[in-house]
Amino acid sequence: MYWIALALTLLVALLHVYFLVLEMFLWTRPLGLKTFRNSPEKAETTRVLAANQGLYNGFLAAGIVVGLVLAQPVLVTFSLVCVVVAGGYGAYSVSRRIFMIQAVPAILALVFRALA
C-alpha cells in the first residue's frame with residue numbers, strides 16, 4: 001500500500017508541475033490552446049490569469065514534494081486536500097472533466113495514504 005500511495009502522491013505532484021508549465025509557458029501555444037480548448041484570442045487575453053493559476057499549481061506540487069522530502073505527512077495531506085478542493089471547484093465552475101483529471105488522483109492518493 002505504501003508504494004501505491006507514494007506513486008499516486010508523486011503523480012499528483014507531477015500533474016501539477018505539468019499544469020504549471022501548460023498555464024505559465026504554453027497557454028498561447030498549440031498544446032495549451034488544444035488542452036484548454038481556447039482560441040488564440042481568448043488565450044492572449046487570459047494569459048496573465050493563466051500564469052497566475054499556473055503558479056498556484058506549482059505551489060501545490062511544491063507542498064507535496066517538500067512534505068515528502070521532509071517526511072511531513074500533514075503537509076502532504078494538506079496539499080492533497082487543497083488539490084481535491086481546487087478540482088471540485090474547477091468541476092463546479094468550469095468543467096466536470098477537471099474533477100477527473102485533478103481531484104480523482106488526489107482522492108486516490110489520500111485513500112491509499114490512509115490505508116498505508
# chains A, B, ... in the order shown; residues from 1 in each chain; ligands from 1
call {"tool": "residues_around", "arguments": {"residues": "Ala51 in chain A", "least_positions_apart": "2", "cutoff": "12 Å", "atoms": "only C-alpha atoms", "output": "number ranges by chain"}}
result
A: 19-28, 32, 43-49, 53-58
call {"tool": "atom_distance", "arguments": {"atom1": "CA of Leu15 in chain A", "atom2": "CA of Gly88 in chain A"}}
result
16.0 Å
call {"tool": "atom_distance", "arguments": {"atom1": "CA of Ser79 in chain A", "atom2": "CA of Val12 in chain A"}}
result
9.9 Å
call {"tool": "atom_distance", "arguments": {"atom1": "CA of Val104 in chain A", "atom2": "CA of Met1 in chain A"}}
result
17.6 Å
call {"tool": "residues_around", "arguments": {"residues": "range 65-78 of chain A", "least_positions_apart": "6", "cutoff": "12 Å", "atoms": "only C-alpha atoms", "output": "PyMOL selection string"}}
result
chain A and resi 5-14+16-17+58-59+84-85+106-114+116
call {"tool": "write_last_selection", "arguments": {"atoms": "N, CA and C atoms", "output": "PDB file, in the first residue's frame"}}
result
ATOM      1  N   ALA A   5       0.545   4.392  -2.601  1.00  0.00           N
ATOM      2  CA  ALA A   5       0.267   5.730  -2.068  1.00  0.00           C
ATOM      3  C   ALA A   5       1.337   6.719  -2.513  1.00  0.00           C
ATOM      4  N   LEU A   6       2.588   6.308  -2.425  1.00  0.00           N
ATOM      5  CA  LEU A   6       3.684   7.187  -2.844  1.00  0.00           C
ATOM      6  C   LEU A   6       3.610   7.482  -4.335  1.00  0.00           C
ATOM      7  N   ALA A   7       3.362   6.463  -5.134  1.00  0.00           N
ATOM      8  CA  ALA A   7       3.272   6.658  -6.592  1.00  0.00           C
ATOM      9  C   ALA A   7       2.127   7.606  -6.945  1.00  0.00           C
ATOM     10  N   LEU A   8       0.979   7.433  -6.316  1.00  0.00           N
ATOM     11  CA  LEU A   8      -0.159   8.318  -6.587  1.00  0.00           C
ATOM     12  C   LEU A   8       0.125   9.742  -6.124  1.00  0.00           C
ATOM     13  N   THR A   9       0.768   9.877  -4.987  1.00  0.00           N
ATOM     14  CA  THR A   9       1.116  11.198  -4.466  1.00  0.00           C
ATOM     15  C   THR A   9       2.092  11.906  -5.405  1.00  0.00           C
ATOM     16  N   LEU A  10       3.094  11.177  -5.874  1.00  0.00           N
ATOM     17  CA  LEU A  10       4.044  11.758  -6.830  1.00  0.00           C
ATOM     18  C   LEU A  10       3.370  12.091  -8.157  1.00  0.00           C
ATOM     19  N   LEU A  11       2.417  11.258  -8.569  1.00  0.00           N
ATOM     20  CA  LEU A  11       1.666  11.538  -9.795  1.00  0.00           C
ATOM     21  C   LEU A  11       0.929  12.870  -9.677  1.00  0.00           C
ATOM     22  N   VAL A  12       0.298  13.097  -8.540  1.00  0.00           N
ATOM     23  CA  VAL A  12      -0.409  14.367  -8.337  1.00  0.00           C
ATOM     24  C   VAL A  12       0.573  15.537  -8.416  1.00  0.00           C
ATOM     25  N   ALA A  13       1.726  15.404  -7.791  1.00  0.00           N
ATOM     26  CA  ALA A  13       2.731  16.471  -7.855  1.00  0.00           C
ATOM     27  C   ALA A  13       3.189  16.699  -9.297  1.00  0.00           C
ATOM     28  N   LEU A  14       3.457  15.624 -10.020  1.00  0.00           N
ATOM     29  CA  LEU A  14       3.892  15.763 -11.418  1.00  0.00           C
ATOM     30  C   LEU A  14       2.808  16.385 -12.283  1.00  0.00           C
ATOM     31  N   HIS A  16       0.669  18.536 -11.352  1.00  0.00           N
ATOM     32  CA  HIS A  16       0.610  19.964 -11.059  1.00  0.00           C
ATOM     33  C   HIS A  16       1.817  20.726 -11.600  1.00  0.00           C
ATOM     34  N   VAL A  17       2.939  20.067 -11.710  1.00  0.00           N
ATOM     35  CA  VAL A  17       4.074  20.696 -12.411  1.00  0.00           C
ATOM     36  C   VAL A  17       3.726  20.834 -13.893  1.00  0.00           C
ATOM     37  N   GLY A  58       1.896  25.181  -9.166  1.00  0.00           N
ATOM     38  CA  GLY A  58       3.271  24.900  -8.765  1.00  0.00           C
ATOM     39  C   GLY A  58       3.427  24.848  -7.252  1.00  0.00           C
ATOM     40  N   PHE A  59       2.713  25.739  -6.558  1.00  0.00           N
ATOM     41  CA  PHE A  59       2.772  25.718  -5.096  1.00  0.00           C
ATOM     42  C   PHE A  59       2.167  24.439  -4.534  1.00  0.00           C
ATOM     43  N   VAL A  84      -7.843  18.474  -4.047  1.00  0.00           N
ATOM     44  CA  VAL A  84      -9.219  17.971  -4.168  1.00  0.00           C
ATOM     45  C   VAL A  84     -10.209  19.140  -4.171  1.00  0.00           C
ATOM     46  N   VAL A  85     -10.023  20.094  -3.279  1.00  0.00           N
ATOM     47  CA  VAL A  85     -10.913  21.260  -3.217  1.00  0.00           C
ATOM     48  C   VAL A  85     -10.834  22.056  -4.519  1.00  0.00           C
ATOM     49  N   ALA A 106      -5.873  12.820  -6.639  1.00  0.00           N
ATOM     50  CA  ALA A 106      -5.578  13.260  -5.267  1.00  0.00           C
ATOM     51  C   ALA A 106      -6.424  12.485  -4.255  1.00  0.00           C
ATOM     52  N   ILE A 107      -7.673  12.226  -4.591  1.00  0.00           N
ATOM     53  CA  ILE A 107      -8.524  11.431  -3.698  1.00  0.00           C
ATOM     54  C   ILE A 107      -7.951  10.028  -3.541  1.00  0.00           C
ATOM     55  N   LEU A 108      -7.550   9.430  -4.654  1.00  0.00           N
ATOM     56  CA  LEU A 108      -6.951   8.091  -4.587  1.00  0.00           C
ATOM     57  C   LEU A 108      -5.672   8.101  -3.750  1.00  0.00           C
ATOM     58  N   ALA A 109      -4.855   9.132  -3.934  1.00  0.00           N
ATOM     59  CA  ALA A 109      -3.621   9.248  -3.133  1.00  0.00           C
ATOM     60  C   ALA A 109      -3.956   9.342  -1.649  1.00  0.00           C
ATOM     61  N   LEU A 110      -4.963  10.140  -1.312  1.00  0.00           N
ATOM     62  CA  LEU A 110      -5.362  10.268   0.094  1.00  0.00           C
ATOM     63  C   LEU A 110      -5.869   8.937   0.648  1.00  0.00           C
ATOM     64  N   VAL A 111      -6.664   8.221  -0.125  1.00  0.00           N
ATOM     65  CA  VAL A 111      -7.196   6.937   0.329  1.00  0.00           C
ATOM     66  C   VAL A 111      -6.065   5.951   0.577  1.00  0.00           C
ATOM     67  N   PHE A 112      -5.142   5.842  -0.390  1.00  0.00           N
ATOM     68  CA  PHE A 112      -4.050   4.883  -0.217  1.00  0.00           C
ATOM     69  C   PHE A 112      -3.082   5.317   0.879  1.00  0.00           C
ATOM     70  N   ARG A 113      -2.919   6.616   1.087  1.00  0.00           N
ATOM     71  CA  ARG A 113      -2.070   7.078   2.194  1.00  0.00           C
ATOM     72  C   ARG A 113      -2.715   6.694   3.532  1.00  0.00           C
ATOM     73  N   ALA A 114      -4.043   6.773   3.593  1.00  0.00           N
ATOM     74  CA  ALA A 114      -4.737   6.398   4.828  1.00  0.00           C
ATOM     75  C   ALA A 114      -4.650   4.906   5.091  1.00  0.00           C
ATOM     76  N   ALA A 116      -2.118   2.977   4.083  1.00  0.00           N
ATOM     77  CA  ALA A 116      -0.712   2.533   4.200  1.00  0.00           C
ATOM     78  C   ALA A 116      -0.245   2.493   5.635  1.00  0.00           C
TER      79      ALA A 116
END
call {"tool": "select_by_dssp", "arguments": {"residues": "chain A", "states": "alpha helix (DSSP H)", "output": "PyMOL selection string"}}
result
chain A and resi 2-24+30-36+40-45+47-69+73-93+96-98+104-115
call {"tool": "write_last_selection", "arguments": {"atoms": "C-alpha atoms", "output": "mmCIF file, in the first residue's frame"}}
result
data_model
loop_
_atom_site.group_PDB
_atom_site.id
_atom_site.type_symbol
_atom_site.label_atom_id
_atom_site.label_comp_id
_atom_site.auth_asym_id
_atom_site.auth_seq_id
_atom_site.Cartn_x
_atom_site.Cartn_y
_atom_site.Cartn_z
ATOM 1 C CA TYR A 2 2.829 2.399 0.832
ATOM 2 C CA TRP A 3 4.293 2.244 -2.681
ATOM 3 C CA ILE A 4 0.929 2.757 -4.351
ATOM 4 C CA ALA A 5 0.267 5.730 -2.068
ATOM 5 C CA LEU A 6 3.684 7.187 -2.844
ATOM 6 C CA ALA A 7 3.272 6.658 -6.592
ATOM 7 C CA LEU A 8 -0.159 8.318 -6.587
ATOM 8 C CA THR A 9 1.116 11.198 -4.466
ATOM 9 C CA LEU A 10 4.044 11.758 -6.830
ATOM 10 C CA LEU A 11 1.666 11.538 -9.795
ATOM 11 C CA VAL A 12 -0.409 14.367 -8.337
ATOM 12 C CA ALA A 13 2.731 16.471 -7.855
ATOM 13 C CA LEU A 14 3.892 15.763 -11.418
ATOM 14 C CA LEU A 15 0.465 16.609 -12.812
ATOM 15 C CA HIS A 16 0.610 19.964 -11.059
ATOM 16 C CA VAL A 17 4.074 20.696 -12.411
ATOM 17 C CA TYR A 18 2.666 19.864 -15.848
ATOM 18 C CA PHE A 19 -0.288 22.218 -15.223
ATOM 19 C CA LEU A 20 2.208 24.916 -14.210
ATOM 20 C CA VAL A 21 4.069 24.506 -17.499
ATOM 21 C CA LEU A 22 0.859 24.480 -19.547
ATOM 22 C CA GLU A 23 -0.592 27.545 -17.844
ATOM 23 C CA MET A 24 2.550 29.626 -17.433
ATOM 24 C CA PRO A 30 -0.767 24.956 -29.773
ATOM 25 C CA LEU A 31 -0.610 22.449 -26.886
ATOM 26 C CA GLY A 32 -2.065 24.954 -24.414
ATOM 27 C CA LEU A 33 -4.763 26.037 -26.857
ATOM 28 C CA LYS A 34 -5.759 22.431 -27.517
ATOM 29 C CA THR A 35 -5.615 21.347 -23.874
ATOM 30 C CA PHE A 36 -7.776 24.194 -22.610
ATOM 31 C CA PRO A 40 -5.714 32.267 -29.751
ATOM 32 C CA GLU A 41 -7.598 35.498 -28.992
ATOM 33 C CA LYS A 42 -9.082 34.227 -25.735
ATOM 34 C CA ALA A 43 -5.754 32.723 -24.698
ATOM 35 C CA GLU A 44 -3.973 36.012 -25.270
ATOM 36 C CA THR A 45 -6.477 37.994 -23.216
ATOM 37 C CA ARG A 47 -2.612 34.824 -20.465
ATOM 38 C CA VAL A 48 -1.762 36.650 -17.228
ATOM 39 C CA LEU A 49 -4.604 34.995 -15.307
ATOM 40 C CA ALA A 50 -3.490 31.577 -16.554
ATOM 41 C CA ALA A 51 0.100 32.258 -15.493
ATOM 42 C CA ASN A 52 -1.138 33.156 -12.012
ATOM 43 C CA GLN A 53 -3.154 29.942 -11.873
ATOM 44 C CA GLY A 54 -0.107 28.000 -13.056
ATOM 45 C CA LEU A 55 1.925 29.457 -10.228
ATOM 46 C CA TYR A 56 -0.639 28.218 -7.708
ATOM 47 C CA ASN A 57 -0.482 24.754 -9.254
ATOM 48 C CA GLY A 58 3.271 24.900 -8.765
ATOM 49 C CA PHE A 59 2.772 25.718 -5.096
ATOM 50 C CA LEU A 60 0.517 22.671 -4.712
ATOM 51 C CA ALA A 61 3.224 20.484 -6.255
ATOM 52 C CA ALA A 62 5.848 22.110 -4.039
ATOM 53 C CA GLY A 63 3.793 21.423 -0.909
ATOM 54 C CA ILE A 64 3.573 17.751 -1.812
ATOM 55 C CA VAL A 65 7.258 17.391 -2.686
ATOM 56 C CA VAL A 66 8.521 19.344 0.317
ATOM 57 C CA GLY A 67 6.227 17.331 2.573
ATOM 58 C CA LEU A 68 7.590 14.078 1.160
ATOM 59 C CA VAL A 69 11.238 15.165 1.329
ATOM 60 C CA PRO A 73 2.731 13.795 6.252
ATOM 61 C CA VAL A 74 0.489 16.631 7.469
ATOM 62 C CA LEU A 75 1.877 18.922 4.753
ATOM 63 C CA VAL A 76 1.400 16.228 2.100
ATOM 64 C CA THR A 77 -2.161 15.567 3.257
ATOM 65 C CA PHE A 78 -2.968 19.274 3.405
ATOM 66 C CA SER A 79 -1.625 19.792 -0.110
ATOM 67 C CA LEU A 80 -3.602 16.824 -1.459
ATOM 68 C CA VAL A 81 -6.787 18.095 0.197
ATOM 69 C CA CYS A 82 -6.164 21.503 -1.405
ATOM 70 C CA VAL A 83 -5.893 19.739 -4.774
ATOM 71 C CA VAL A 84 -9.219 17.971 -4.168
ATOM 72 C CA VAL A 85 -10.913 21.260 -3.217
ATOM 73 C CA ALA A 86 -9.454 23.015 -6.272
ATOM 74 C CA GLY A 87 -10.549 20.142 -8.500
ATOM 75 C CA GLY A 88 -14.035 20.210 -7.014
ATOM 76 C CA TYR A 89 -14.347 23.937 -7.538
ATOM 77 C CA GLY A 90 -12.985 23.636 -11.068
ATOM 78 C CA ALA A 91 -15.568 20.954 -11.819
ATOM 79 C CA TYR A 92 -18.326 23.163 -10.444
ATOM 80 C CA SER A 93 -17.223 26.384 -12.135
ATOM 81 C CA ARG A 96 -16.564 18.249 -14.734
ATOM 82 C CA ARG A 97 -13.533 16.982 -16.638
ATOM 83 C CA ILE A 98 -11.338 18.894 -14.165
ATOM 84 C CA VAL A 104 -9.638 11.924 -8.549
ATOM 85 C CA PRO A 105 -5.876 11.200 -8.471
ATOM 86 C CA ALA A 106 -5.578 13.260 -5.267
ATOM 87 C CA ILE A 107 -8.524 11.431 -3.698
ATOM 88 C CA LEU A 108 -6.951 8.091 -4.587
ATOM 89 C CA ALA A 109 -3.621 9.248 -3.133
ATOM 90 C CA LEU A 110 -5.362 10.268 0.094
ATOM 91 C CA VAL A 111 -7.196 6.937 0.329
ATOM 92 C CA PHE A 112 -4.050 4.883 -0.217
ATOM 93 C CA ARG A 113 -2.070 7.078 2.194
ATOM 94 C CA ALA A 114 -4.737 6.398 4.828
ATOM 95 C CA LEU A 115 -4.524 2.660 4.166
#
